[in-house]
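Novice: Got a file for you: target32.txt, compact mmCIF, C-alpha atoms and all ligand atoms.
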# COMPACT_ATOMS: atom_id res chain seq x y z
CA MET A 1 -42.60 22.20 -19.19
CA THR A 2 -39.35 24.00 -19.92
CA GLN A 3 -39.60 27.52 -21.26
CA ASN A 4 -38.22 26.79 -24.72
CA ASN A 5 -38.29 29.43 -27.38
CA ASN A 6 -41.22 28.31 -29.52
CA LEU A 7 -39.61 29.97 -32.53
CA LYS A 8 -36.48 27.81 -32.45
CA ARG A 9 -34.53 27.98 -35.73
CA ASN A 10 -34.67 25.08 -38.16
CA PRO A 11 -32.10 24.16 -40.82
CA LEU A 12 -34.58 24.74 -43.69
CA PRO A 13 -35.65 26.67 -45.68
CA ASN A 14 -32.47 28.32 -46.98
CA ASN A 15 -32.43 32.12 -47.20
CA LYS A 16 -34.20 32.02 -50.59
CA GLY A 17 -37.03 30.00 -49.06
CA TYR A 18 -36.11 26.61 -50.54
CA PHE A 19 -36.54 23.18 -49.02
CA GLY A 20 -34.37 21.25 -51.49
CA GLU A 21 -35.89 22.14 -54.87
CA TYR A 22 -39.29 23.11 -53.37
CA GLY A 23 -40.70 26.37 -52.05
CA GLY A 24 -39.21 29.63 -53.23
CA SER A 25 -41.24 32.63 -54.29
CA PHE A 26 -42.96 32.78 -57.68
CA VAL A 27 -44.88 36.04 -57.47
CA PRO A 28 -45.55 39.15 -59.59
CA PRO A 29 -42.79 41.79 -59.29
CA GLN A 30 -44.97 44.15 -57.21
CA LEU A 31 -45.26 41.51 -54.49
CA GLU A 32 -41.55 40.72 -54.27
CA SER A 33 -40.63 43.72 -52.16
CA ILE A 34 -43.67 43.22 -49.91
CA LEU A 35 -42.73 39.61 -49.24
CA GLN A 36 -39.17 40.68 -48.54
CA GLU A 37 -40.51 43.16 -45.95
CA ILE A 38 -42.53 40.40 -44.28
CA THR A 39 -39.47 38.12 -44.30
CA ASP A 40 -37.27 40.84 -42.79
CA ALA A 41 -39.88 41.76 -40.17
CA TYR A 42 -40.36 38.14 -39.14
CA GLU A 43 -36.62 37.42 -39.00
CA LYS A 44 -36.21 40.39 -36.67
CA LEU A 45 -39.29 39.70 -34.52
CA ARG A 46 -38.48 36.03 -33.90
CA GLU A 47 -35.28 37.08 -32.13
CA GLU A 48 -37.01 39.64 -29.92
CA GLU A 49 -37.76 38.49 -26.41
CA GLY A 50 -40.86 40.70 -26.25
CA PHE A 51 -42.35 39.00 -29.32
CA GLN A 52 -41.52 35.51 -28.04
CA GLU A 53 -43.01 36.31 -24.64
CA GLU A 54 -46.20 37.72 -26.13
CA LEU A 55 -46.70 34.64 -28.30
CA LYS A 56 -45.98 32.36 -25.35
CA TYR A 57 -48.43 34.32 -23.20
CA TYR A 58 -51.26 33.91 -25.70
CA TYR A 59 -50.44 30.22 -26.29
CA LYS A 60 -50.73 29.56 -22.59
CA HIS A 61 -53.50 31.85 -21.39
CA TYR A 62 -55.64 32.25 -24.51
CA VAL A 63 -55.22 29.01 -26.50
CA GLY A 64 -54.82 26.79 -23.44
CA ARG A 65 -51.40 25.36 -24.30
CA PRO A 66 -49.88 22.94 -23.67
CA SER A 67 -52.63 20.75 -25.12
CA PRO A 68 -52.68 17.36 -23.38
CA ILE A 69 -51.70 13.97 -24.70
CA PHE A 70 -54.35 11.30 -24.22
CA HIS A 71 -53.68 7.56 -24.23
CA ALA A 72 -56.59 6.08 -26.19
CA ARG A 73 -56.78 2.83 -24.23
CA ASN A 74 -60.24 1.81 -25.40
CA LEU A 75 -59.35 2.19 -29.06
CA SER A 76 -55.94 0.53 -28.59
CA ASN A 77 -57.47 -2.42 -26.75
CA LYS A 78 -60.22 -2.82 -29.31
CA ILE A 79 -57.70 -2.94 -32.16
CA GLY A 80 -55.34 -5.19 -30.22
CA GLY A 81 -52.17 -3.76 -31.76
CA ALA A 82 -50.06 -0.71 -30.98
CA GLN A 83 -50.88 1.78 -28.22
CA ILE A 84 -52.50 4.89 -29.70
CA TYR A 85 -52.03 8.37 -28.23
CA PHE A 86 -53.54 11.70 -29.27
CA LYS A 87 -51.98 15.13 -29.11
CA ARG A 88 -55.20 17.03 -28.35
CA GLU A 89 -55.05 20.08 -30.61
CA ASP A 90 -58.84 19.72 -30.79
CA LEU A 91 -58.93 21.15 -27.25
CA ASN A 92 -57.36 24.46 -28.26
CA HIS A 93 -59.46 27.61 -28.18
CA THR A 94 -61.40 27.62 -31.52
CA GLY A 95 -61.06 23.84 -31.73
CA ALA A 96 -58.04 23.19 -33.91
CA HIS A 97 -54.31 23.71 -34.38
CA LYS A 98 -54.78 26.70 -36.68
CA ILE A 99 -54.99 29.23 -33.83
CA ASN A 100 -51.25 28.57 -33.25
CA HIS A 101 -50.18 30.14 -36.55
CA CYS A 102 -53.03 32.67 -36.75
CA LEU A 103 -51.88 34.30 -33.52
CA GLY A 104 -48.32 34.33 -34.81
CA GLU A 105 -49.29 35.89 -38.14
CA ALA A 106 -51.59 38.43 -36.47
CA LEU A 107 -48.77 39.45 -34.10
CA VAL A 108 -46.43 39.90 -37.09
CA ALA A 109 -49.09 41.99 -38.90
CA LYS A 110 -49.61 44.14 -35.86
CA ALA A 111 -45.88 44.67 -35.33
CA MET A 112 -45.61 45.70 -39.00
CA GLY A 113 -48.39 48.28 -38.58
CA LYS A 114 -50.88 46.48 -40.85
CA LYS A 115 -54.58 47.27 -40.42
CA LYS A 116 -56.24 44.24 -41.94
CA LEU A 117 -55.76 40.49 -42.14
CA ILE A 118 -56.94 38.82 -45.28
CA ALA A 119 -57.15 35.07 -45.97
CA GLU A 120 -58.90 32.19 -47.63
CA THR A 121 -60.55 29.37 -45.76
CA GLY A 122 -61.62 25.83 -46.67
CA ALA A 123 -63.25 24.12 -43.71
CA GLY A 124 -63.69 27.54 -42.14
CA GLN A 125 -61.20 26.65 -39.41
CA HIS A 126 -58.51 29.02 -40.64
CA GLY A 127 -61.13 31.74 -41.09
CA VAL A 128 -62.44 31.31 -37.55
CA ALA A 129 -58.96 31.13 -36.05
CA LEU A 130 -57.85 34.22 -37.96
CA ALA A 131 -61.04 36.16 -37.17
CA THR A 132 -60.42 35.26 -33.53
CA ALA A 133 -56.83 36.50 -33.59
CA ALA A 134 -57.96 39.66 -35.42
CA ALA A 135 -60.62 40.35 -32.77
CA LEU A 136 -58.10 39.79 -29.98
CA LEU A 137 -55.47 42.05 -31.50
CA GLY A 138 -57.78 44.75 -32.88
CA LEU A 139 -57.27 44.10 -36.62
CA GLU A 140 -59.84 44.06 -39.41
CA CYS A 141 -60.37 40.73 -41.15
CA ASP A 142 -61.67 39.67 -44.62
CA ILE A 143 -62.11 35.94 -45.23
CA TYR A 144 -62.60 34.46 -48.74
CA MET A 145 -64.54 31.21 -48.83
CA GLY A 146 -65.90 29.05 -51.66
CA GLU A 147 -69.69 28.93 -51.85
CA VAL A 148 -69.67 25.13 -51.60
CA ASP A 149 -67.72 25.34 -48.35
CA ILE A 150 -69.97 28.13 -47.06
CA VAL A 151 -72.91 25.72 -47.23
CA LYS A 152 -70.95 22.73 -45.89
CA GLU A 153 -69.33 24.59 -43.00
CA HIS A 154 -72.22 26.84 -42.00
CA PRO A 155 -71.46 27.04 -38.25
CA ASN A 156 -67.97 28.40 -38.95
CA VAL A 157 -69.41 31.07 -41.27
CA VAL A 158 -71.69 32.21 -38.45
CA ARG A 159 -68.75 32.25 -36.03
CA MET A 160 -66.60 34.41 -38.32
CA LYS A 161 -69.43 36.92 -38.69
CA ILE A 162 -70.04 37.06 -34.95
CA LEU A 163 -66.32 37.67 -34.48
CA GLY A 164 -66.61 40.73 -36.70
CA ALA A 165 -64.95 39.40 -39.85
CA THR A 166 -66.28 39.93 -43.39
CA VAL A 167 -66.91 36.63 -45.21
CA VAL A 168 -66.52 37.05 -48.98
CA PRO A 169 -68.26 34.26 -50.98
CA VAL A 170 -66.21 32.89 -53.90
CA LYS A 171 -68.32 31.84 -56.88
CA SER A 172 -65.71 30.80 -59.47
CA GLY A 173 -64.68 27.29 -60.57
CA LEU A 174 -65.45 24.51 -58.11
CA LYS A 175 -66.19 27.16 -55.44
CA THR A 176 -63.87 25.53 -52.89
CA LEU A 177 -60.46 26.17 -51.36
CA LYS A 178 -58.34 26.67 -54.49
CA GLU A 179 -60.65 29.35 -55.92
CA ALA A 180 -60.82 31.02 -52.50
CA VAL A 181 -57.01 31.25 -52.47
CA ASP A 182 -57.04 32.72 -56.00
CA GLU A 183 -59.50 35.46 -55.05
CA ALA A 184 -57.95 36.28 -51.70
CA PHE A 185 -54.60 36.61 -53.47
CA MET A 186 -56.10 39.06 -55.98
CA ALA A 187 -57.67 41.14 -53.24
CA TYR A 188 -54.35 41.20 -51.42
CA MET A 189 -52.57 42.42 -54.56
CA GLY A 190 -55.01 45.33 -54.56
CA ASP A 191 -53.45 46.67 -51.35
CA PRO A 192 -50.47 44.73 -50.00
CA VAL A 193 -49.31 47.66 -47.87
CA THR A 194 -52.05 48.02 -45.25
CA GLN A 195 -53.15 44.36 -45.43
CA LEU A 196 -51.33 41.14 -44.54
CA TYR A 197 -52.27 37.93 -46.31
CA ALA A 198 -52.27 35.45 -43.45
CA ILE A 199 -51.78 32.13 -45.23
CA GLY A 200 -53.63 29.24 -43.60
CA SER A 201 -51.04 26.50 -43.89
CA VAL A 202 -47.38 25.80 -44.65
CA VAL A 203 -47.90 26.86 -48.27
CA GLY A 204 -47.54 30.00 -50.39
CA PRO A 205 -44.39 31.96 -51.24
CA HIS A 206 -41.45 32.46 -48.87
CA PRO A 207 -41.53 33.28 -45.92
CA PHE A 208 -44.92 31.62 -45.23
CA PRO A 209 -44.06 27.88 -45.33
CA GLY A 210 -41.21 28.34 -42.86
CA MET A 211 -42.94 30.98 -40.73
CA VAL A 212 -46.21 29.04 -40.34
CA ARG A 213 -44.14 25.91 -39.55
CA ASP A 214 -42.27 27.84 -36.85
CA PHE A 215 -45.57 28.92 -35.26
CA GLN A 216 -46.82 25.32 -35.33
CA GLN A 217 -43.66 23.59 -34.10
CA VAL A 218 -44.81 24.18 -30.52
CA VAL A 219 -47.08 21.13 -31.03
CA GLY A 220 -44.17 18.74 -31.51
CA MET A 221 -41.95 20.44 -28.94
CA GLU A 222 -44.62 19.93 -26.28
CA ALA A 223 -45.49 16.43 -27.48
CA ARG A 224 -41.87 15.26 -27.43
CA GLU A 225 -41.54 16.21 -23.76
CA GLN A 226 -45.02 15.08 -22.71
CA PHE A 227 -44.73 11.70 -24.40
CA GLN A 228 -41.37 10.98 -22.78
CA GLU A 229 -42.78 12.00 -19.43
CA MET A 230 -45.75 9.63 -19.88
CA THR A 231 -43.95 6.60 -21.31
CA GLY A 232 -40.23 7.14 -20.75
CA LYS A 233 -39.64 6.89 -24.52
CA LEU A 234 -40.21 8.68 -27.80
CA PRO A 235 -43.20 7.51 -29.83
CA ASP A 236 -42.38 4.80 -32.39
CA ASN A 237 -44.70 6.37 -34.96
CA LEU A 238 -46.15 9.81 -35.63
CA ILE A 239 -49.26 10.22 -37.76
CA ALA A 240 -50.95 13.40 -38.99
CA CYS A 241 -53.27 14.34 -41.83
CA VAL A 242 -51.85 16.50 -44.62
CA GLY A 243 -53.84 19.16 -46.41
CA GLY A 244 -51.36 21.99 -46.86
CA GLY A 245 -49.44 20.27 -44.09
CA SER A 246 -49.32 22.66 -41.12
CA ASN A 247 -50.59 20.38 -38.35
CA ALA A 248 -48.39 17.57 -39.67
CA ILE A 249 -45.20 19.62 -39.85
CA GLY A 250 -46.10 21.15 -36.47
CA LEU A 251 -45.95 17.71 -34.89
CA PHE A 252 -43.11 16.33 -37.03
CA THR A 253 -40.53 19.13 -36.72
CA ALA A 254 -39.35 18.31 -33.20
CA PHE A 255 -38.81 14.64 -34.21
CA LEU A 256 -37.16 14.97 -37.63
CA ASP A 257 -33.70 14.22 -36.23
CA ASP A 258 -34.92 11.22 -34.23
CA GLN A 259 -34.30 8.61 -36.93
CA GLU A 260 -35.92 5.89 -34.81
CA VAL A 261 -39.26 7.72 -34.94
CA LYS A 262 -41.20 6.69 -38.06
CA ILE A 263 -43.27 9.50 -39.48
CA HIS A 264 -46.42 9.15 -41.57
CA GLY A 265 -48.43 11.85 -43.35
CA VAL A 266 -51.96 10.98 -44.48
CA GLU A 267 -53.51 12.46 -47.62
CA PRO A 268 -57.15 12.25 -48.72
CA ALA A 269 -57.91 9.58 -51.35
CA GLY A 270 -61.47 10.95 -51.60
CA LEU A 271 -63.88 8.82 -53.63
CA SER A 272 -61.30 7.15 -55.88
CA PHE A 273 -57.91 7.76 -57.49
CA LYS A 274 -59.62 9.09 -60.66
CA PRO A 275 -58.68 12.71 -61.47
CA GLY A 276 -60.97 15.11 -59.64
CA GLU A 277 -62.05 12.54 -57.04
CA HIS A 278 -59.15 12.82 -54.59
CA ALA A 279 -56.55 15.28 -53.25
CA ALA A 280 -53.62 12.87 -52.81
CA THR A 281 -51.04 15.40 -53.95
CA LEU A 282 -47.82 13.76 -52.74
CA THR A 283 -48.98 10.30 -53.76
CA LEU A 284 -50.15 11.10 -57.30
CA GLY A 285 -48.91 14.60 -58.14
CA LYS A 286 -45.70 15.81 -59.72
CA PRO A 287 -43.61 18.91 -59.10
CA GLY A 288 -45.15 22.19 -60.29
CA VAL A 289 -45.93 25.73 -59.18
CA ILE A 290 -49.14 26.87 -57.45
CA HIS A 291 -49.96 30.04 -55.53
CA GLY A 292 -46.40 31.34 -55.62
CA PHE A 293 -44.37 28.27 -54.60
CA LYS A 294 -43.05 24.98 -55.96
CA CYS A 295 -44.33 21.68 -54.59
CA TYR A 296 -45.91 18.39 -55.61
CA LEU A 297 -49.04 19.35 -57.49
CA LEU A 298 -52.10 17.71 -58.99
CA SER A 299 -52.40 19.32 -62.40
CA ASP A 300 -54.48 18.90 -65.56
CA GLU A 301 -53.12 18.44 -69.13
CA ALA A 302 -52.50 22.18 -69.40
CA GLY A 303 -50.38 22.12 -66.23
CA GLU A 304 -53.01 24.08 -64.30
CA PRO A 305 -53.97 22.98 -60.76
CA ALA A 306 -56.51 20.17 -61.15
CA PRO A 307 -59.93 19.97 -59.50
CA VAL A 308 -59.71 17.92 -56.29
CA HIS A 309 -62.11 16.31 -53.86
CA SER A 310 -62.11 15.23 -50.24
CA VAL A 311 -64.92 14.81 -47.73
CA ALA A 312 -62.71 17.02 -45.54
CA SER A 313 -62.81 20.62 -46.81
CA GLY A 314 -59.54 21.37 -45.02
CA LEU A 315 -57.67 18.70 -47.03
CA ASP A 316 -59.17 19.70 -50.39
CA TYR A 317 -56.13 21.36 -52.03
CA PRO A 318 -54.19 20.39 -55.19
CA GLY A 319 -50.82 21.57 -53.80
CA VAL A 320 -48.97 20.75 -50.56
CA GLY A 321 -46.32 22.36 -48.40
CA PRO A 322 -42.83 22.51 -49.94
CA GLN A 323 -41.25 20.96 -46.86
CA HIS A 324 -43.51 17.91 -47.19
CA SER A 325 -42.51 17.67 -50.86
CA TYR A 326 -38.89 17.67 -49.75
CA LEU A 327 -39.44 15.20 -46.89
CA LYS A 328 -41.10 12.83 -49.34
CA ASP A 329 -38.16 13.00 -51.77
CA ILE A 330 -35.55 12.38 -49.08
CA GLY A 331 -37.68 9.56 -47.67
CA ARG A 332 -37.87 10.92 -44.11
CA VAL A 333 -41.68 10.89 -44.09
CA ASN A 334 -43.89 8.14 -45.47
CA TYR A 335 -47.02 9.53 -47.17
CA GLU A 336 -50.13 7.34 -47.28
CA THR A 337 -53.77 7.83 -48.25
CA ILE A 338 -57.16 7.31 -46.61
CA ASN A 339 -60.42 7.60 -48.54
CA ASP A 340 -63.67 9.36 -47.59
CA LYS A 341 -65.34 6.16 -46.41
CA GLU A 342 -62.43 5.13 -44.18
CA ALA A 343 -62.29 8.63 -42.69
CA ILE A 344 -66.01 8.62 -41.89
CA ASP A 345 -65.70 5.15 -40.33
CA ALA A 346 -62.90 6.48 -38.11
CA PHE A 347 -64.97 9.59 -37.28
CA PHE A 348 -67.74 7.40 -35.79
CA GLU A 349 -65.33 4.87 -34.29
CA LEU A 350 -63.43 7.49 -32.28
CA SER A 351 -66.68 9.18 -31.25
CA ARG A 352 -68.13 5.94 -29.94
CA VAL A 353 -65.09 4.24 -28.46
CA GLU A 354 -63.38 7.24 -26.82
CA GLY A 355 -66.09 9.93 -26.71
CA ILE A 356 -64.07 12.25 -28.92
CA ILE A 357 -65.71 13.63 -32.08
CA PRO A 358 -62.77 14.44 -34.37
CA ALA A 359 -62.67 16.86 -37.30
CA VAL A 360 -63.16 14.91 -40.54
CA GLU A 361 -59.64 16.06 -41.48
CA SER A 362 -58.17 14.53 -38.31
CA ALA A 363 -60.28 11.39 -38.87
CA HIS A 364 -58.00 10.63 -41.84
CA ALA A 365 -55.05 10.38 -39.45
CA VAL A 366 -57.11 8.26 -37.05
CA ALA A 367 -58.16 5.90 -39.86
CA TYR A 368 -54.56 5.36 -40.91
CA ALA A 369 -53.51 4.82 -37.30
CA ILE A 370 -56.17 2.14 -36.90
CA LYS A 371 -54.76 0.33 -39.96
CA LYS A 372 -51.17 0.79 -38.82
CA ALA A 373 -51.84 -0.26 -35.22
CA LYS A 374 -53.03 -3.67 -36.45
CA GLU A 375 -49.59 -4.30 -37.99
CA LEU A 376 -47.76 -3.49 -34.74
CA GLY A 377 -47.36 -5.13 -31.34
CA PRO A 378 -48.86 -3.88 -28.04
CA ASP A 379 -45.50 -2.52 -26.86
CA GLU A 380 -45.26 -0.18 -29.85
CA THR A 381 -46.73 3.30 -29.88
CA ILE A 382 -48.41 5.70 -32.27
CA LEU A 383 -48.85 9.40 -31.56
CA ILE A 384 -51.52 11.09 -33.68
CA ASN A 385 -51.95 14.81 -34.06
CA LEU A 386 -55.70 15.17 -33.44
CA SER A 387 -55.72 18.44 -35.33
CA GLY A 388 -59.28 19.53 -34.60
CA ARG A 389 -62.68 18.76 -33.12
CA GLY A 390 -65.60 17.68 -35.25
CA ASP A 391 -68.34 20.06 -34.12
CA LYS A 392 -68.11 21.92 -37.43
CA ASP A 393 -68.74 18.68 -39.36
CA ILE A 394 -71.61 17.08 -37.48
CA ASP A 395 -74.52 18.40 -39.59
CA PHE A 396 -72.84 17.55 -42.88
CA VAL A 397 -71.68 14.11 -41.73
CA VAL A 398 -75.03 13.10 -40.27
CA ASP A 399 -76.90 14.39 -43.29
CA LYS A 400 -74.75 12.47 -45.73
CA TYR A 401 -73.70 9.37 -43.78
CA GLY A 402 -75.77 9.27 -40.57
CA ALA A 403 -78.15 6.52 -41.67
CA ASP A 404 -75.21 4.16 -42.35
CA TYR A 405 -74.13 4.54 -38.72
CA GLY A 406 -77.57 4.41 -37.11
CA VAL A 407 -77.85 8.17 -36.58
CA ILE A 408 -81.38 9.03 -37.69
CA LEU A 409 -82.71 12.47 -36.86
C1 LIG A 501 -57.26 23.01 -41.86
C2 LIG A 501 -57.25 21.76 -41.14
C3 LIG A 501 -56.41 20.71 -41.51
C4 LIG A 501 -55.56 20.74 -42.75
O1 LIG A 501 -54.59 21.75 -42.77
P1 LIG A 501 -53.06 21.42 -42.54
O2 LIG A 501 -52.39 22.69 -42.90
O3 LIG A 501 -52.71 20.30 -43.47
O4 LIG A 501 -52.89 21.03 -41.14
C5 LIG A 501 -56.38 19.58 -40.73
N1 LIG A 501 -57.16 19.46 -39.65
C6 LIG A 501 -58.00 20.44 -39.26
C7 LIG A 501 -58.84 20.25 -38.05
C8 LIG A 501 -58.07 21.62 -39.99
O5 LIG A 501 -58.89 22.58 -39.59
Take the structure in the file and write it out as structure tokens.
Specialist:
Amino acid sequence: MTQNNNLKRNPLPNNKGYFGEYGGSFVPPQLESILQEITDAYEKLREEEGFQEELKYYYKHYVGRPSPIFHARNLSNKIGGAQIYFKREDLNHTGAHKINHCLGEALVAKAMGKKKLIAETGAGQHGVALATAAALLGLECDIYMGEVDIVKEHPNVVRMKILGATVVPVKSGLKTLKEAVDEAFMAYMGDPVTQLYAIGSVVGPHPFPGMVRDFQQVVGMEAREQFQEMTGKLPDNLIACVGGGSNAIGLFTAFLDDQEVKIHGVEPAGLSFKPGEHAATLTLGKPGVIHGFKCYLLSDEAGEPAPVHSVASGLDYPGVGPQHSYLKDIGRVNYETINDKEAIDAFFELSRVEGIIPAVESAHAVAYAIKKAKELGPDETILINLSGRGDKDIDFVVDKYGADYGVIL
């Protein structure tokens, strides 16, 4: 593995934080100067060798990077189409890709002299990853989480508490990710000087979509090299699930200029395409503003963010990263949907055929890959970002769907 700078510069966003017409910074005046300070600090730190080395050190010795690529021969043979490969972000310390950007954000906070990290969490993965980074780097940590998700993702709540974080239950609205973001944002506004709001995906106002992307691009940089080493070629197709879009953009970034690589993002179609029953933002939304940035948005008649649903808490968000909004408009990435049922099918299929229990979020990418592989020949390849492991989901999945798959406790 060559010693690339993981924080390699990308053409977008521009210096105002725009990816085409998306992104930017739509925040109250008192936050503008704080965000500018974070932008300036990050722009300076990313050029510093000490900062790059520290990040690289933790990626290697703490997270366990590079994560391997696994050729899923059993699954590929069973489908009889394209060859399927996984980038194993599920093998990272804390079990998902989120540790990549949490460490980056925590290092920025520390360098800026902040005392506390504050964030929302959906599936609990961002909360656990951030609480982990906070413990490692000696920062306090408050995590806002919807009460529905607290019940659904119980093991992650326990983990965050063991790690020394404070979990703040959010009781408003649907009590899921969107409300958790709202409340975390308000708490942050209360003291933006000693706290850093560590956003959990490539969303939020500038500089977060670009900064979180930069911390995640290591996934694609590694994968590009590893895949060529394994097969002598680039993958024909990339597939990743899209909630806010951090694991997807993390894989995609290194391949965006390789026009021969087809790129697919997979959104949750939930129970149906009726309002409130899905979170297929890029597929069914239209441009709007949420949580300080412009993107495709699922909104109600009043233009407010609409209620959304997905079996995967981590995909349950009515907005999406501004770069994905841009990549959709320019046609570089193809965005598709997978519903709850298809994701759960893929969850059990991968568990039983390859012995890998995926996160329900990642299972959306797997489900789409299974569909796509059938359309392709055996000499074509698909590389999936397996964004996380499914340990956090097992109780919920077995409770709700176990009987359908012969899992009776
Ligand atoms: C949070 C999460 C996601 C969704 O977030 P993105 O920012 O879209 O990547 C996907 N997979 C796993 C395992 C997660 O924890």
Novice: Report as a CSV table (one decimal) with C-alpha atoms, in the coordinates of the input which protein, DNA and RNA residues come within 8 Å of ligand LIG 501 (chain A), using all atoms listed in the file.
Specialist:
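The resulting file, out-v2.csv, is reproduced below:
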chain,number,residue,atom,x,y,z
A,90,ASP,CA,-58.8,19.7,-30.8
A,95,GLY,CA,-61.1,23.8,-31.7
A,96,ALA,CA,-58.0,23.2,-33.9
A,97,HIS,CA,-54.3,23.7,-34.4
A,98,LYS,CA,-54.8,26.7,-36.7
A,122,GLY,CA,-61.6,25.8,-46.7
A,123,ALA,CA,-63.2,24.1,-43.7
A,124,GLY,CA,-63.7,27.5,-42.1
A,125,GLN,CA,-61.2,26.6,-39.4
A,126,HIS,CA,-58.5,29.0,-40.6
A,200,GLY,CA,-53.6,29.2,-43.6
A,201,SER,CA,-51.0,26.5,-43.9
A,202,VAL,CA,-47.4,25.8,-44.6
A,241,CYS,CA,-53.3,14.3,-41.8
A,242,VAL,CA,-51.8,16.5,-44.6
A,243,GLY,CA,-53.8,19.2,-46.4
A,244,GLY,CA,-51.4,22.0,-46.9
A,245,GLY,CA,-49.4,20.3,-44.1
A,246,SER,CA,-49.3,22.7,-41.1
A,247,ASN,CA,-50.6,20.4,-38.4
A,248,ALA,CA,-48.4,17.6,-39.7
A,249,ILE,CA,-45.2,19.6,-39.8
A,313,SER,CA,-62.8,20.6,-46.8
A,314,GLY,CA,-59.5,21.4,-45.0
A,315,LEU,CA,-57.7,18.7,-47.0
A,358,PRO,CA,-62.8,14.4,-34.4
A,359,ALA,CA,-62.7,16.9,-37.3
A,360,VAL,CA,-63.2,14.9,-40.5
A,361,GLU,CA,-59.6,16.1,-41.5
A,362,SER,CA,-58.2,14.5,-38.3
A,386,LEU,CA,-55.7,15.2,-33.4
A,387,SER,CA,-55.7,18.4,-35.3
A,388,GLY,CA,-59.3,19.5,-34.6
A,389,ARG,CA,-62.7,18.8,-33.1
A,390,GLY,CA,-65.6,17.7,-35.2
Novice: Let me make sure I understand: among A:Leu409, A:Leu45, A:Ala280, A:Val397, which one has the smallest atom-to-atom distance to A:Val308 if we use only C-alpha atoms?
Specialist: A:Ala280
Novice: Any idea what the distance is between atom CA of A:Asn100 and atom CA of A:Ile357?
Specialist: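 So the two atoms, atom CA of A:Asn100 and atom CA of A:Ile357, lie 20.8 Å apart.
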Novice: Could you tell me how far atom CA of A:Val63 lies from atom CA of A:Pro207, in Å and to one decimal?
Specialist: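 Here the two named atoms are 24.1 Å from each other.
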Novice: If we count all atoms listed in the file, what is near stretch 147-152 of chain A at a cut-off of 6 Å, once residues fewer than 3 positions away on the same chain are taken out, given as a ChimeraX atom specification?
Specialist: /A:169-171,175-176
Novice: Which of these residues is nearest to A:Ser351, using all atoms listed in the file: A:Tyr317, A:Tyr405, A:Phe273, A:Tyr57?
Specialist: A:Tyr405
Novice: Find the residues around stretch 21-34 of chain A up to 8 Å (all atoms listed in the file counted), leave out those fewer than 2 positions away in its own chain, and share them as a list of chain:residue names.
Specialist: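 Contacts, in chain order: A:Lys16, A:Gly17, A:Tyr18, A:Phe19, A:Gln36, A:Glu37, A:Ile38, A:Met189, A:Pro192, A:Val193, A:Gly204, A:Pro205, A:His206, A:Pro209, A:Val289, A:His291, A:Gly292, A:Phe293, A:Lys294, A:Cys295, A:Gly321, A:Pro322, A:Gln323, A:Ser325, A:Tyr326.
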